[in-house]
$ cat my_file-v8.txt   # compact mmCIF, C-alpha atoms
# COMPACT_ATOMS: atom_id res chain seq x y z
CA MET L 1 1.27 -16.82 -8.88
CA SER L 2 3.89 -18.29 -11.22
CA PRO L 3 7.57 -18.56 -10.17
CA VAL L 4 8.47 -16.04 -12.91
CA GLN L 5 5.99 -13.49 -11.57
CA ALA L 6 7.20 -14.02 -8.01
CA ARG L 7 10.82 -13.47 -9.02
CA PHE L 8 9.91 -10.30 -10.92
CA ILE L 9 7.97 -8.90 -7.94
CA THR L 10 10.86 -9.70 -5.63
CA ALA L 11 13.33 -8.06 -8.01
CA CYS L 12 11.22 -4.88 -8.13
CA GLN L 13 11.06 -4.76 -4.34
CA GLN L 14 14.84 -5.11 -4.22
CA LEU L 15 15.15 -2.29 -6.75
CA LEU L 16 13.05 -0.12 -4.47
CA ALA L 17 15.16 -1.12 -1.50
CA LEU L 18 18.31 -0.22 -3.42
CA GLY L 19 17.07 3.36 -3.66
CA VAL L 20 18.61 4.14 -0.28
CA VAL L 21 21.97 4.35 -2.05
CA LEU L 22 20.66 7.32 -4.02
CA ALA L 23 19.79 9.40 -0.94
CA VAL L 24 22.92 11.48 -1.37
CA LEU L 25 21.52 12.70 -4.69
CA THR L 26 18.13 13.69 -3.28
CA PRO L 27 17.71 17.24 -1.92
CA ALA L 28 16.69 17.03 1.72
CA ALA L 29 13.80 19.14 2.91
CA GLY L 30 13.25 21.12 6.06
CA VAL L 31 10.67 20.27 8.66
CA LEU L 32 7.65 21.72 6.88
CA SER L 33 5.30 19.02 5.66
CA LEU L 34 3.79 21.48 3.18
CA ASP L 35 6.87 21.22 1.00
CA ILE L 36 7.09 18.36 -1.47
CA VAL L 37 9.55 16.74 -3.82
CA GLY L 38 8.57 15.17 -7.11
CA ALA L 39 8.52 15.36 -10.88
CA HIS L 40 5.96 16.37 -13.51
CA PRO L 41 4.08 13.39 -14.97
CA ALA L 42 5.17 12.19 -18.38
CA PRO L 43 2.55 12.81 -21.11
CA THR L 44 2.16 9.07 -21.71
CA GLY L 45 1.59 8.25 -18.05
CA ALA L 46 4.78 6.16 -17.94
CA PRO L 47 6.39 5.90 -14.52
CA ALA L 48 9.97 6.57 -15.66
CA LEU L 49 10.06 10.11 -14.29
CA THR L 50 13.04 12.41 -13.85
CA GLY L 51 13.60 16.14 -13.94
CA ALA L 52 12.00 19.21 -12.42
CA LEU L 53 10.32 19.29 -9.05
CA ALA L 54 6.53 19.56 -9.00
CA SER L 55 3.85 21.07 -6.83
CA ALA L 56 0.79 19.11 -5.78
CA THR L 57 -2.96 19.59 -5.68
CA VAL L 58 -4.29 18.82 -2.20
CA PRO L 59 -7.68 19.20 -0.46
CA THR L 60 -8.05 22.08 1.98
CA ALA L 61 -10.11 20.02 4.44
CA ALA L 62 -10.81 16.42 5.41
CA VAL L 63 -12.75 14.44 2.80
CA GLU L 64 -15.20 11.69 3.70
CA SER L 65 -14.84 8.43 1.78
CA GLU L 66 -17.72 6.01 1.24
CA VAL L 67 -17.40 2.23 1.47
CA THR L 68 -20.23 0.01 0.22
CA GLU L 69 -20.13 -3.59 1.46
CA VAL L 70 -21.70 -6.12 -0.92
CA PRO L 71 -22.36 -9.62 0.57
CA LEU L 72 -20.97 -12.54 -1.43
CA THR L 73 -21.72 -15.20 1.21
CA THR L 74 -23.80 -15.02 4.37
CA ARG L 75 -22.40 -15.17 7.90
CA THR L 76 -22.90 -18.93 7.80
CA GLY L 77 -21.14 -19.26 4.45
CA ASN L 78 -24.27 -19.67 2.33
CA ALA L 79 -24.17 -18.04 -1.10
CA ARG L 80 -27.27 -19.41 -2.80
CA SER L 81 -29.62 -17.23 -0.77
CA LEU L 82 -27.93 -14.19 -2.37
CA ALA L 83 -28.62 -15.29 -5.95
CA GLY L 84 -30.23 -12.53 -7.96
CA SER L 85 -29.65 -9.86 -5.32
CA THR L 86 -25.90 -9.40 -4.95
CA LEU L 87 -24.76 -12.50 -6.87
CA MET L 88 -25.20 -13.50 -10.51
CA ARG L 89 -27.59 -16.41 -10.96
CA GLY L 90 -25.93 -19.55 -12.29
CA SER L 91 -22.53 -18.55 -10.92
CA ILE L 92 -22.86 -19.98 -7.43
CA SER L 93 -21.30 -23.10 -5.94
CA ALA L 94 -19.52 -24.07 -2.74
CA THR L 95 -16.21 -23.00 -4.28
CA HIS L 96 -16.97 -19.94 -6.43
CA VAL L 97 -19.29 -16.93 -6.81
CA THR L 98 -19.61 -13.95 -9.16
CA SER L 99 -21.03 -10.65 -7.95
CA ARG L 100 -23.56 -8.56 -9.76
CA PRO L 101 -22.04 -5.41 -11.32
CA GLN L 102 -21.81 -2.54 -8.82
CA ALA L 103 -21.89 1.15 -9.71
CA ILE L 104 -18.98 3.33 -8.58
CA THR L 105 -18.06 6.99 -8.92
CA GLY L 106 -14.74 8.73 -8.47
CA TYR L 107 -11.23 7.32 -8.68
CA GLY L 108 -12.30 4.27 -6.72
CA ALA L 109 -10.98 1.03 -5.27
CA VAL L 110 -12.24 -2.45 -4.48
CA GLY L 111 -11.27 -5.30 -2.18
CA VAL L 112 -12.74 -8.49 -0.78
CA THR L 113 -12.77 -9.48 2.90
CA TRP L 114 -14.15 -12.36 4.93
CA ALA L 115 -14.98 -13.31 8.50
CA HIS L 116 -12.52 -12.73 11.31
CA GLY L 117 -10.74 -15.95 12.22
CA GLU L 118 -11.16 -17.66 8.83
CA GLN L 119 -7.57 -18.07 7.69
CA ILE L 120 -6.89 -18.93 4.06
CA SER L 121 -3.45 -19.42 2.52
CA GLU L 122 -2.35 -17.19 -0.33
CA ASP L 123 -2.86 -20.09 -2.75
CA GLY L 124 -6.22 -20.99 -1.24
CA ILE L 125 -8.34 -18.24 -2.76
CA GLU L 126 -8.37 -16.27 -6.00
CA VAL L 127 -10.27 -13.01 -6.45
CA LEU L 128 -10.69 -11.49 -9.91
CA VAL L 129 -12.11 -8.11 -10.89
CA ARG L 130 -13.25 -6.45 -14.09
CA THR L 131 -14.53 -2.95 -14.73
CA GLN L 132 -16.94 -1.39 -17.18
CA ARG L 133 -16.54 2.05 -18.70
CA ASP L 134 -18.61 3.57 -21.50
CA GLY L 135 -20.31 0.23 -22.06
CA ALA L 136 -17.13 -1.84 -22.50
CA TRP L 137 -15.89 -4.41 -19.99
CA SER L 138 -12.22 -4.91 -19.25
CA ASP L 139 -10.50 -8.28 -18.96
CA TRP L 140 -10.50 -10.03 -15.59
CA THR L 141 -7.58 -9.03 -13.33
CA THR L 142 -6.36 -10.66 -10.13
CA ILE L 143 -6.68 -8.74 -6.86
CA ALA L 144 -3.58 -9.41 -4.76
CA TYR L 145 -4.00 -11.32 -1.52
CA HIS L 146 -1.13 -11.62 0.96
CA ASP L 147 -1.79 -13.43 4.22
CA ASP L 148 1.14 -11.57 5.82
CA HIS L 149 -0.41 -8.11 5.46
CA GLY L 150 -2.03 -6.98 8.67
CA PRO L 151 -1.68 -6.25 12.38
CA ASP L 152 0.26 -8.68 14.56
CA ALA L 153 -1.87 -11.53 15.83
CA ASP L 154 -1.43 -10.73 19.53
CA SER L 155 -2.32 -7.03 19.20
CA ALA L 156 -5.59 -5.39 20.18
CA GLU L 157 -5.92 -4.19 16.58
CA ALA L 158 -5.99 -7.77 15.32
CA ALA L 159 -8.93 -8.65 17.58
CA ARG L 160 -11.42 -7.11 15.15
CA ALA L 161 -9.46 -7.36 11.92
CA ARG L 162 -10.89 -9.16 8.90
CA PRO L 163 -8.71 -11.15 6.50
CA GLY L 164 -8.89 -9.95 2.93
CA THR L 165 -7.24 -8.89 -0.28
CA ASP L 166 -5.21 -5.79 -0.75
CA PRO L 167 -7.21 -2.82 -2.06
CA LEU L 168 -7.10 -2.52 -5.84
CA ILE L 169 -7.33 1.03 -7.20
CA ILE L 170 -9.54 0.74 -10.29
CA GLY L 171 -9.69 4.41 -11.29
CA ASP L 172 -12.57 6.22 -12.97
CA VAL L 173 -15.00 3.55 -14.14
CA ASP L 174 -18.77 3.11 -14.23
CA GLU L 175 -19.19 -0.39 -12.80
CA VAL L 176 -17.15 -3.09 -11.15
CA GLN L 177 -17.66 -6.84 -10.81
CA VAL L 178 -15.70 -9.52 -8.93
CA LYS L 179 -15.59 -13.27 -8.77
CA ALA L 180 -14.03 -15.30 -5.99
CA ALA L 181 -13.01 -18.95 -5.99
CA VAL L 182 -11.25 -21.33 -3.63
CA ASP L 183 -9.05 -24.13 -4.96
CA GLY L 184 -10.82 -27.03 -3.26
CA LYS L 185 -7.59 -28.28 -1.66
CA ASP L 186 -6.30 -25.56 0.67
CA ALA L 187 -9.91 -24.36 1.09
CA THR L 188 -12.88 -26.52 0.16
CA THR L 189 -15.62 -23.93 0.61
CA LEU L 190 -15.89 -20.17 0.33
CA PRO L 191 -15.33 -18.36 3.63
CA ALA L 192 -18.24 -17.07 5.66
CA ASP L 193 -19.24 -13.41 5.49
CA LEU L 194 -17.39 -12.87 2.22
CA LYS L 195 -17.88 -9.24 1.17
CA LEU L 196 -16.96 -7.03 -1.76
CA ALA L 197 -15.94 -3.55 -0.63
CA VAL L 198 -16.53 -0.76 -3.16
CA VAL L 199 -14.63 2.35 -2.08
CA GLU L 200 -15.37 5.85 -3.33
CA PRO L 201 -12.67 8.29 -2.08
CA GLY L 202 -14.92 11.36 -2.00
CA THR L 203 -14.37 14.69 -3.70
CA ALA L 204 -12.71 17.66 -2.09
CA GLU L 205 -14.86 20.80 -2.08
CA ASP L 206 -11.77 22.97 -2.38
CA THR L 207 -8.18 22.25 -3.35
CA GLU L 208 -4.99 24.26 -3.43
CA THR L 209 -1.63 23.90 -5.08
CA GLU L 210 1.43 23.74 -2.87
CA THR L 211 4.96 24.16 -4.12
CA PRO L 212 8.39 23.06 -2.93
CA ALA L 213 10.53 25.34 -0.82
CA GLU L 214 12.81 27.63 -2.83
CA ASN L 215 15.86 26.51 -0.88
CA PRO L 216 15.08 23.09 0.56
CA GLY L 217 18.66 22.62 1.72
CA GLN L 218 21.09 19.83 1.08
CA GLY L 219 21.43 16.70 3.15
CA GLU L 220 24.79 15.73 4.58
CA THR L 221 24.48 12.09 3.62
CA SER L 222 27.43 10.32 2.03
CA TYR L 223 27.46 6.82 0.57
CA ASP L 224 29.97 4.67 -1.24
CA ASP L 225 28.80 4.09 -4.79
CA ALA L 226 29.82 0.47 -4.78
CA PHE L 227 27.47 -2.36 -4.00
CA LYS L 228 27.62 -6.05 -4.71
CA GLU L 229 25.21 -8.86 -5.39
CA ARG L 230 24.27 -11.25 -2.63
CA GLY L 231 21.89 -14.05 -3.44
CA GLU L 232 19.37 -13.88 -6.29
CA GLY L 233 19.29 -10.20 -7.27
CA ALA L 234 19.68 -8.89 -3.73
CA MET L 235 21.98 -5.97 -2.99
CA ALA L 236 24.39 -5.22 -0.19
CA LEU L 237 24.05 -1.53 0.52
CA GLN L 238 26.84 0.68 1.78
CA ALA L 239 26.48 2.43 5.13
CA ALA L 240 25.76 6.12 5.64
CA ARG L 241 28.73 8.14 6.88
CA THR L 242 26.68 10.86 8.56
CA THR L 243 23.08 11.32 9.65
CA PRO L 244 20.81 12.13 6.68
CA ALA L 245 18.46 15.08 6.77
CA MET L 246 14.72 14.55 7.06
CA PRO L 247 13.06 14.37 3.62
CA THR L 248 9.99 16.42 2.82
CA ILE L 249 6.82 14.54 3.74
CA TYR L 250 3.21 15.35 2.95
CA SER L 251 0.99 15.32 6.02
CA ARG L 252 -2.21 13.32 6.51
CA ALA L 253 -4.19 16.55 6.38
CA GLN L 254 -2.83 17.18 2.91
CA TRP L 255 -4.37 14.02 1.50
CA GLY L 256 -7.64 14.80 3.28
CA ALA L 257 -7.56 12.11 5.96
CA ASP L 258 -10.84 11.86 7.87
CA GLU L 259 -9.45 11.50 11.39
CA SER L 260 -12.87 10.61 12.80
CA ILE L 261 -12.78 7.06 11.38
CA ARG L 262 -9.50 5.83 12.89
CA ASN L 263 -9.40 4.15 16.29
CA LYS L 264 -7.48 6.67 18.37
CA SER L 265 -7.10 4.29 21.33
CA SER L 266 -5.08 1.83 19.24
CA LEU L 267 -2.10 4.12 18.63
CA ARG L 268 1.07 2.34 19.79
CA TYR L 269 4.81 2.92 19.56
CA GLY L 270 7.51 0.30 19.19
CA THR L 271 11.07 0.15 17.95
CA VAL L 272 12.66 0.25 14.51
CA SER L 273 15.33 -2.28 13.62
CA ALA L 274 14.51 -2.56 9.91
CA GLY L 275 12.31 -1.22 7.11
CA PHE L 276 10.05 -3.07 4.67
CA VAL L 277 9.28 -2.15 1.06
CA HIS L 278 5.69 -2.61 -0.12
CA HIS L 279 3.71 -1.55 -3.15
CA THR L 280 0.04 -1.03 -3.86
CA VAL L 281 -1.57 -2.57 -6.92
CA ASN L 282 -3.07 -0.08 -9.32
CA ALA L 283 -2.51 1.56 -12.70
CA ASN L 284 0.72 3.49 -13.11
CA ASP L 285 -0.78 6.38 -15.08
CA TYR L 286 -2.56 8.23 -12.26
CA THR L 287 -2.23 12.02 -12.19
CA GLU L 288 -0.65 14.01 -9.38
CA ALA L 289 -4.07 15.38 -8.38
CA GLN L 290 -5.50 11.86 -7.99
CA VAL L 291 -2.95 10.80 -5.35
CA PRO L 292 -4.84 12.17 -2.29
CA GLY L 293 -7.93 10.23 -3.40
CA ILE L 294 -5.87 7.05 -3.78
CA MET L 295 -4.57 7.56 -0.24
CA ARG L 296 -8.10 8.03 1.09
CA SER L 297 -9.31 4.89 -0.68
CA ILE L 298 -6.56 2.77 0.88
CA TYR L 299 -7.24 4.34 4.29
CA ALA L 300 -11.00 3.77 4.11
CA TYR L 301 -10.59 0.16 3.01
CA HIS L 302 -8.07 -0.63 5.75
CA VAL L 303 -10.25 0.92 8.47
CA LYS L 304 -13.84 0.31 7.36
CA SER L 305 -13.46 -3.04 5.58
CA ARG L 306 -10.38 -4.70 7.09
CA GLY L 307 -11.21 -3.43 10.60
CA TRP L 308 -7.74 -1.98 11.23
CA SER L 309 -7.30 1.05 13.47
CA ASP L 310 -5.72 3.17 10.71
CA ILE L 311 -4.03 2.91 7.33
CA GLY L 312 -1.55 0.06 7.52
CA TYR L 313 1.59 1.71 6.11
CA ASN L 314 3.76 4.25 7.90
CA PHE L 315 4.54 6.06 4.65
CA LEU L 316 3.55 5.96 0.99
CA VAL L 317 5.31 7.35 -2.07
CA ASP L 318 3.77 8.21 -5.42
CA ARG L 319 5.26 7.90 -8.90
CA PHE L 320 6.27 11.55 -8.80
CA GLY L 321 8.63 10.89 -5.89
CA ARG L 322 6.48 12.57 -3.24
CA ILE L 323 6.45 10.99 0.22
CA TRP L 324 3.17 10.95 2.18
CA GLU L 325 2.54 10.39 5.87
CA GLY L 326 0.58 7.17 6.38
CA ARG L 327 -0.39 5.95 9.83
CA TYR L 328 -1.06 8.67 12.41
CA GLY L 329 1.34 9.26 15.28
CA GLY L 330 4.29 11.31 14.05
CA VAL L 331 6.61 10.69 11.12
CA ASP L 332 9.68 10.89 13.37
CA LYS L 333 8.25 8.43 15.91
CA ASN L 334 8.17 4.63 15.79
CA VAL L 335 4.46 4.17 15.14
CA VAL L 336 3.40 0.52 15.03
CA GLY L 337 1.69 -0.16 11.71
CA ALA L 338 -0.19 -3.08 10.13
CA HIS L 339 2.00 -3.95 7.18
CA THR L 340 4.23 -6.96 7.86
CA LEU L 341 2.61 -9.63 10.01
CA GLY L 342 4.72 -10.59 13.01
CA TYR L 343 7.18 -7.70 12.68
CA ASN L 344 5.13 -4.51 13.00
CA ASP L 345 6.40 -3.74 16.51
CA TYR L 346 10.01 -3.69 15.35
CA SER L 347 9.93 -2.06 11.90
CA PHE L 348 8.36 0.52 9.61
CA ALA L 349 7.15 0.29 6.02
CA MET L 350 6.65 2.52 3.02
CA SER L 351 4.42 1.46 0.14
CA ALA L 352 4.97 2.58 -3.44
CA ILE L 353 1.74 3.59 -5.17
CA GLY L 354 1.73 1.62 -8.41
CA ASN L 355 1.86 -1.84 -9.93
CA PHE L 356 5.44 -3.08 -9.95
CA ASP L 357 4.45 -6.55 -11.06
CA VAL L 358 4.60 -5.09 -14.58
CA VAL L 359 7.06 -2.16 -14.56
CA GLU L 360 10.17 -1.08 -12.74
CA PRO L 361 9.92 1.78 -10.22
CA SER L 362 10.78 5.26 -11.47
CA ASP L 363 14.04 7.02 -10.70
CA VAL L 364 12.35 9.65 -8.52
CA MET L 365 10.58 6.93 -6.57
CA LEU L 366 13.89 5.21 -5.87
CA ARG L 367 15.35 8.51 -4.70
CA ALA L 368 12.38 9.04 -2.39
CA TYR L 369 12.86 5.58 -0.92
CA GLY L 370 16.53 6.35 -0.47
CA SER L 371 15.98 9.58 1.41
CA LEU L 372 13.17 8.23 3.61
CA PHE L 373 14.82 4.94 4.54
CA ALA L 374 18.21 6.55 5.16
CA TRP L 375 16.65 9.16 7.48
CA LYS L 376 14.28 6.81 9.33
CA LEU L 377 16.91 4.14 9.92
CA ALA L 378 19.47 6.72 11.05
CA LEU L 379 17.00 8.06 13.63
CA ASN L 380 17.12 4.63 15.23
CA GLY L 381 20.85 4.06 14.90
CA VAL L 382 20.43 1.42 12.19
CA ASN L 383 23.10 0.97 9.54
CA PRO L 384 21.25 0.62 6.19
CA ALA L 385 23.98 -1.75 5.01
CA SER L 386 23.32 -4.19 7.84
CA THR L 387 22.43 -7.71 6.78
CA ALA L 388 21.82 -9.01 10.30
CA GLN L 389 19.23 -7.02 12.21
CA GLN L 390 17.36 -8.59 15.10
CA VAL L 391 13.71 -7.96 14.25
CA GLY L 392 11.58 -9.62 16.91
CA ARG L 393 12.67 -13.25 16.96
CA SER L 394 14.04 -13.21 13.41
CA THR L 395 17.04 -11.78 11.62
CA PHE L 396 16.67 -9.58 8.56
CA ALA L 397 18.65 -7.06 6.59
CA ALA L 398 18.03 -3.41 7.45
CA ILE L 399 16.05 -2.99 4.21
CA ASN L 400 13.72 -5.72 2.94
CA GLY L 401 10.95 -6.46 0.50
CA HIS L 402 7.80 -7.54 2.33
CA ARG L 403 8.08 -10.97 0.71
CA ASP L 404 11.32 -11.49 2.65
CA ALA L 405 9.21 -11.71 5.81
CA GLY L 406 6.15 -13.46 4.39
CA SER L 407 5.30 -17.09 4.00
CA THR L 408 6.04 -16.80 0.27
$ encode --input "my_file-v8.txt" --output "structure tokens"
Amino acid sequence: MSPVQARFITACQQLLALGVVLAVLTPAAGVLSLDIVGAHPAPTGAPALTGALASATVPTAAVESEVTEVPLTTRTGNARSLAGSTLMRGSISATHVTSRPQAITGYGAVGVTWAHGEQISEDGIEVLVRTQRDGAWSDWTTIAYHDDHGPDADSAEAARARPGTDPLIIGDVDEVQVKAAVDGKDATTLPADLKLAVVEPGTAEDTETETPAENPGQGETSYDDAFKERGEGAMALQAARTTPAMPTIYSRAQWGADESIRNKSSLRYGTVSAGFVHHTVNANDYTEAQVPGIMRSIYAYHVKSRGWSDIGYNFLVDRFGRIWEGRYGGVDKNVVGAHTLGYNDYSFAMSAIGNFDVVEPSDVMLRAYGSLFAWKLALNGVNPASTAQQVGRSTFAAINGHRDAGST
């Protein structure tokens, strides 16, 4: 990743973090998770959304997702034995492989994982993907890999976790193909048990449309409008004067979570001293009805391919400003997630659904971040303006981009 790209990503995360200032402008919801807040999608699919609140199309029952694992190296690290079956002939060496095209249906996702215990730095491996639709192949695109995404190393959840890329939502396509390469310096050979995961989110048999409450109420949050720069593009946020109201949050059932696949024995609770801003990597033109499928794809990849006990994030927010419950355990409780390595026991995270390497987050998304972070931090007595929170053995601001805690 170039320095320019890294700065842009960091700036977008800080923009998302700044959304807490806007919480005073966001109507606060009651306690019913059936109510939602959002905006109608723009006709062009652009993420700059403002205006009227929207309903949402959700499944009426749990939906089973399917994950197909495609070997790219064997458990001993050999790739040549896979030539012609799952790998393209003539594309195999100790440092790179190219998969055969794989069919996929639905608004799908892909990711690449490798054997537990094989640690590779973020600069040590590159994974590219391209998709085919109606006979035409796209350009190759990088799948993001962050070595600081996952359960804490000393947790039971980490004992069976596999390192890997983030899931990439590829949408409605006919085929997908990946190629993986190591740089020869940080990693001299491809990792053992390298696998491509092709995720199909499943299709709901029945859906229903749910609308916002007629009188969702008004939060009693008050913020100073002023903020000042600190460091390169960072913001010092002003503190809340009173406790914010709980925002409206979609439940797991509403995105069709298959509760049978999560590891129920791994549910743990910790403390919250700070919050971390994340974002997924996918197209920004998804429809409101496709969001539950995107959630299921991320969930299935985290559990079935990465070996985590549940979806990694505590919350997610779509481009329409709707907040969704992520990891199971109660939105008002301090559920330990798998989002920011080394700090999961002491923080929570919400991930924005979209690619903010290329665009700025929408206004309604910022407002959603503002309402959620203000409420969640207030529950734990945390001042959102704080720049010195004890988070485990480290000190962070109350609101951070995930890169603030990572090795990058």
$ atom_distance --input "my_file-v8.txt" --atom1 "atom CA of L:Asp310" --atom2 "atom CA of L:Gly370"
25.1 Å
$ atom_distance --input "my_file-v8.txt" --atom1 "atom CA of L:Val199" --atom2 "atom CA of L:Leu168"
9.7 Å
$ residues_around --input "my_file-v8.txt" --residues "stretch 345-356 of chain L" --least-positions-apart "2" --cutoff "8 Å" --atoms "all atoms listed in the file" --output "ChimeraX atom specification"
/L:9,12,269-284,313-319,334-337,339,342-343,358-361,365,369,391-392
$ write_last_selection --input "my_file-v8.txt" --atoms "C-alpha atoms" --output "tab-separated table (two decimals), in the frame of the given file"
chain	number	residue	atom	x	y	z
L	9	ILE	CA	7.97	-8.90	-7.94
L	12	CYS	CA	11.22	-4.88	-8.13
L	269	TYR	CA	4.81	2.92	19.56
L	270	GLY	CA	7.51	0.30	19.19
L	271	THR	CA	11.07	0.15	17.95
L	272	VAL	CA	12.66	0.25	14.51
L	273	SER	CA	15.33	-2.28	13.62
L	274	ALA	CA	14.51	-2.56	9.91
L	275	GLY	CA	12.31	-1.22	7.11
L	276	PHE	CA	10.05	-3.07	4.67
L	277	VAL	CA	9.28	-2.15	1.06
L	278	HIS	CA	5.69	-2.61	-0.12
L	279	HIS	CA	3.71	-1.55	-3.15
L	280	THR	CA	0.04	-1.03	-3.86
L	281	VAL	CA	-1.57	-2.57	-6.92
L	282	ASN	CA	-3.07	-0.08	-9.32
L	283	ALA	CA	-2.51	1.56	-12.70
L	284	ASN	CA	0.72	3.49	-13.11
L	313	TYR	CA	1.59	1.71	6.11
L	314	ASN	CA	3.76	4.25	7.90
L	315	PHE	CA	4.54	6.06	4.65
L	316	LEU	CA	3.55	5.96	0.99
L	317	VAL	CA	5.31	7.35	-2.07
L	318	ASP	CA	3.77	8.21	-5.42
L	319	ARG	CA	5.26	7.90	-8.90
L	334	ASN	CA	8.17	4.63	15.79
L	335	VAL	CA	4.46	4.17	15.14
L	336	VAL	CA	3.40	0.52	15.03
L	337	GLY	CA	1.69	-0.16	11.71
L	339	HIS	CA	2.00	-3.95	7.18
L	342	GLY	CA	4.72	-10.59	13.01
L	343	TYR	CA	7.18	-7.70	12.68
L	358	VAL	CA	4.60	-5.09	-14.58
L	359	VAL	CA	7.06	-2.16	-14.56
L	360	GLU	CA	10.17	-1.08	-12.74
L	361	PRO	CA	9.92	1.78	-10.22
L	365	MET	CA	10.58	6.93	-6.57
L	369	TYR	CA	12.86	5.58	-0.92
L	391	VAL	CA	13.71	-7.96	14.25
L	392	GLY	CA	11.58	-9.62	16.91
$ atom_distance --input "my_file-v8.txt" --atom1 "atom CA of L:Gly106" --atom2 "atom CA of L:Gln254"
18.5 Å
$ closest_residue --input "my_file-v8.txt" --among "L:Gly124, L:Gly256, L:Gly150, L:Pro71" --to "L:Glu325" --atoms "only C-alpha atoms"
L:Gly256
$ closest_atom_pairs --input "my_file-v8.txt" --of "stretch 56-130 of chain L" --to "stretch 173-179 of chain L" --cutoff "8 Å" --atoms "only C-alpha atoms" --output "CSV"
residue,atom,partner,partner_atom,distance
L:His96,CA,L:Lys179,CA,7.2
L:Val97,CA,L:Lys179,CA,5.6
L:Thr98,CA,L:Lys179,CA,4.1
L:Ser99,CA,L:Val178,CA,5.5
L:Arg100,CA,L:Gln177,CA,6.2
L:Pro101,CA,L:Gln177,CA,4.6
L:Gln102,CA,L:Glu175,CA,5.2
L:Ala103,CA,L:Glu175,CA,4.4
L:Ile104,CA,L:Glu175,CA,5.6
L:Thr105,CA,L:Asp174,CA,6.6
L:Gly106,CA,L:Val173,CA,7.7
L:Tyr107,CA,L:Val173,CA,7.6
L:Gly108,CA,L:Val173,CA,7.9
L:Val127,CA,L:Lys179,CA,5.8
L:Leu128,CA,L:Lys179,CA,5.3
L:Val129,CA,L:Val178,CA,4.3
L:Arg130,CA,L:Gln177,CA,5.5
$ closest_residue --input "my_file-v8.txt" --among "L:Gly202, L:Pro151, L:Gly84, L:Gly135" --to "L:Gln290" --atoms "all atoms listed in the file"
L:Gly202
$ residues_near_point --input "my_file-v8.txt" --point "(-9.0, -5.1, 15.8)" --cutoff "12 Å" --atoms "all atoms listed in the file" --output "ChimeraX atom specification"
/L:116-117,150-163,262-263,265-267,302-310,338
$ closest_residue --input "my_file-v8.txt" --among "L:Ala61, L:Ile323, L:Ala405, L:Leu72" --to "L:Val291" --atoms "only C-alpha atoms"
L:Ile323
$ closest_residue --input "my_file-v8.txt" --among "L:Thr165, L:Ala180, L:Ala204, L:Ala109" --to "L:Ser91" --atoms "only C-alpha atoms"
L:Ala180
$ residues_around --input "my_file-v8.txt" --residues "stretch 190-193 of chain L" --least-positions-apart "5" --cutoff "6 Å" --atoms "only C-alpha atoms" --output "MDAnalysis selection string"
chainID L and resid 73:77 95 114:115
$ write_last_selection --input "my_file-v8.txt" --atoms "C-alpha atoms" --output "tab-separated table (two decimals), in the frame of the given file"
chain	number	residue	atom	x	y	z
L	73	THR	CA	-21.72	-15.20	1.21
L	74	THR	CA	-23.80	-15.02	4.37
L	75	ARG	CA	-22.40	-15.17	7.90
L	76	THR	CA	-22.90	-18.93	7.80
L	77	GLY	CA	-21.14	-19.26	4.45
L	95	THR	CA	-16.21	-23.00	-4.28
L	114	TRP	CA	-14.15	-12.36	4.93
L	115	ALA	CA	-14.98	-13.31	8.50
$ residues_near_point --input "my_file-v8.txt" --point "(-8.5, 16.2, 6.7)" --cutoff "10 Å" --atoms "all atoms listed in the file" --output "number ranges by chain"
L: 59-64, 204, 251-260, 296
$ closest_residue --input "my_file-v8.txt" --among "L:Asn344, L:Asp172, L:His149, L:Gln119" --to "L:Arg133" --atoms "all atoms listed in the file"
L:Asp172
$ closest_residue --input "my_file-v8.txt" --among "L:Val112, L:Ala368, L:Leu379, L:Met88" --to "L:Val331" --atoms "only C-alpha atoms"
L:Leu379
$ decode --input "my_file-v8.txt" --residues "stretch 81-88 of chain L" --atoms "N, CA and C atoms" --output "short mmCIF file (atom, residue, chain, number, x, y, z; two decimals), in the first residue's frame"
data_model
loop_
_atom_site.label_atom_id
_atom_site.label_comp_id
_atom_site.auth_asym_id
_atom_site.auth_seq_id
_atom_site.Cartn_x
_atom_site.Cartn_y
_atom_site.Cartn_z
N SER L 81 1.01 -30.02 -6.89
CA SER L 81 0.11 -31.17 -6.97
C SER L 81 -1.33 -30.75 -7.26
N LEU L 82 -1.62 -29.44 -7.15
CA LEU L 82 -2.98 -28.95 -7.41
C LEU L 82 -3.13 -28.39 -8.82
N ALA L 83 -2.07 -28.44 -9.60
CA ALA L 83 -2.12 -27.91 -10.97
C ALA L 83 -3.18 -28.64 -11.78
N GLY L 84 -4.01 -27.87 -12.45
CA GLY L 84 -5.04 -28.44 -13.30
C GLY L 84 -6.32 -28.76 -12.59
N SER L 85 -6.29 -28.88 -11.26
CA SER L 85 -7.52 -29.15 -10.51
C SER L 85 -8.08 -27.85 -9.95
N THR L 86 -7.39 -27.28 -8.99
CA THR L 86 -7.86 -25.99 -8.44
C THR L 86 -6.96 -24.83 -8.83
N LEU L 87 -5.79 -25.12 -9.42
CA LEU L 87 -4.86 -24.07 -9.83
C LEU L 87 -4.66 -24.09 -11.34
N MET L 88 -4.40 -22.91 -11.91
CA MET L 88 -4.10 -22.80 -13.33
C MET L 88 -2.70 -23.36 -13.60
#
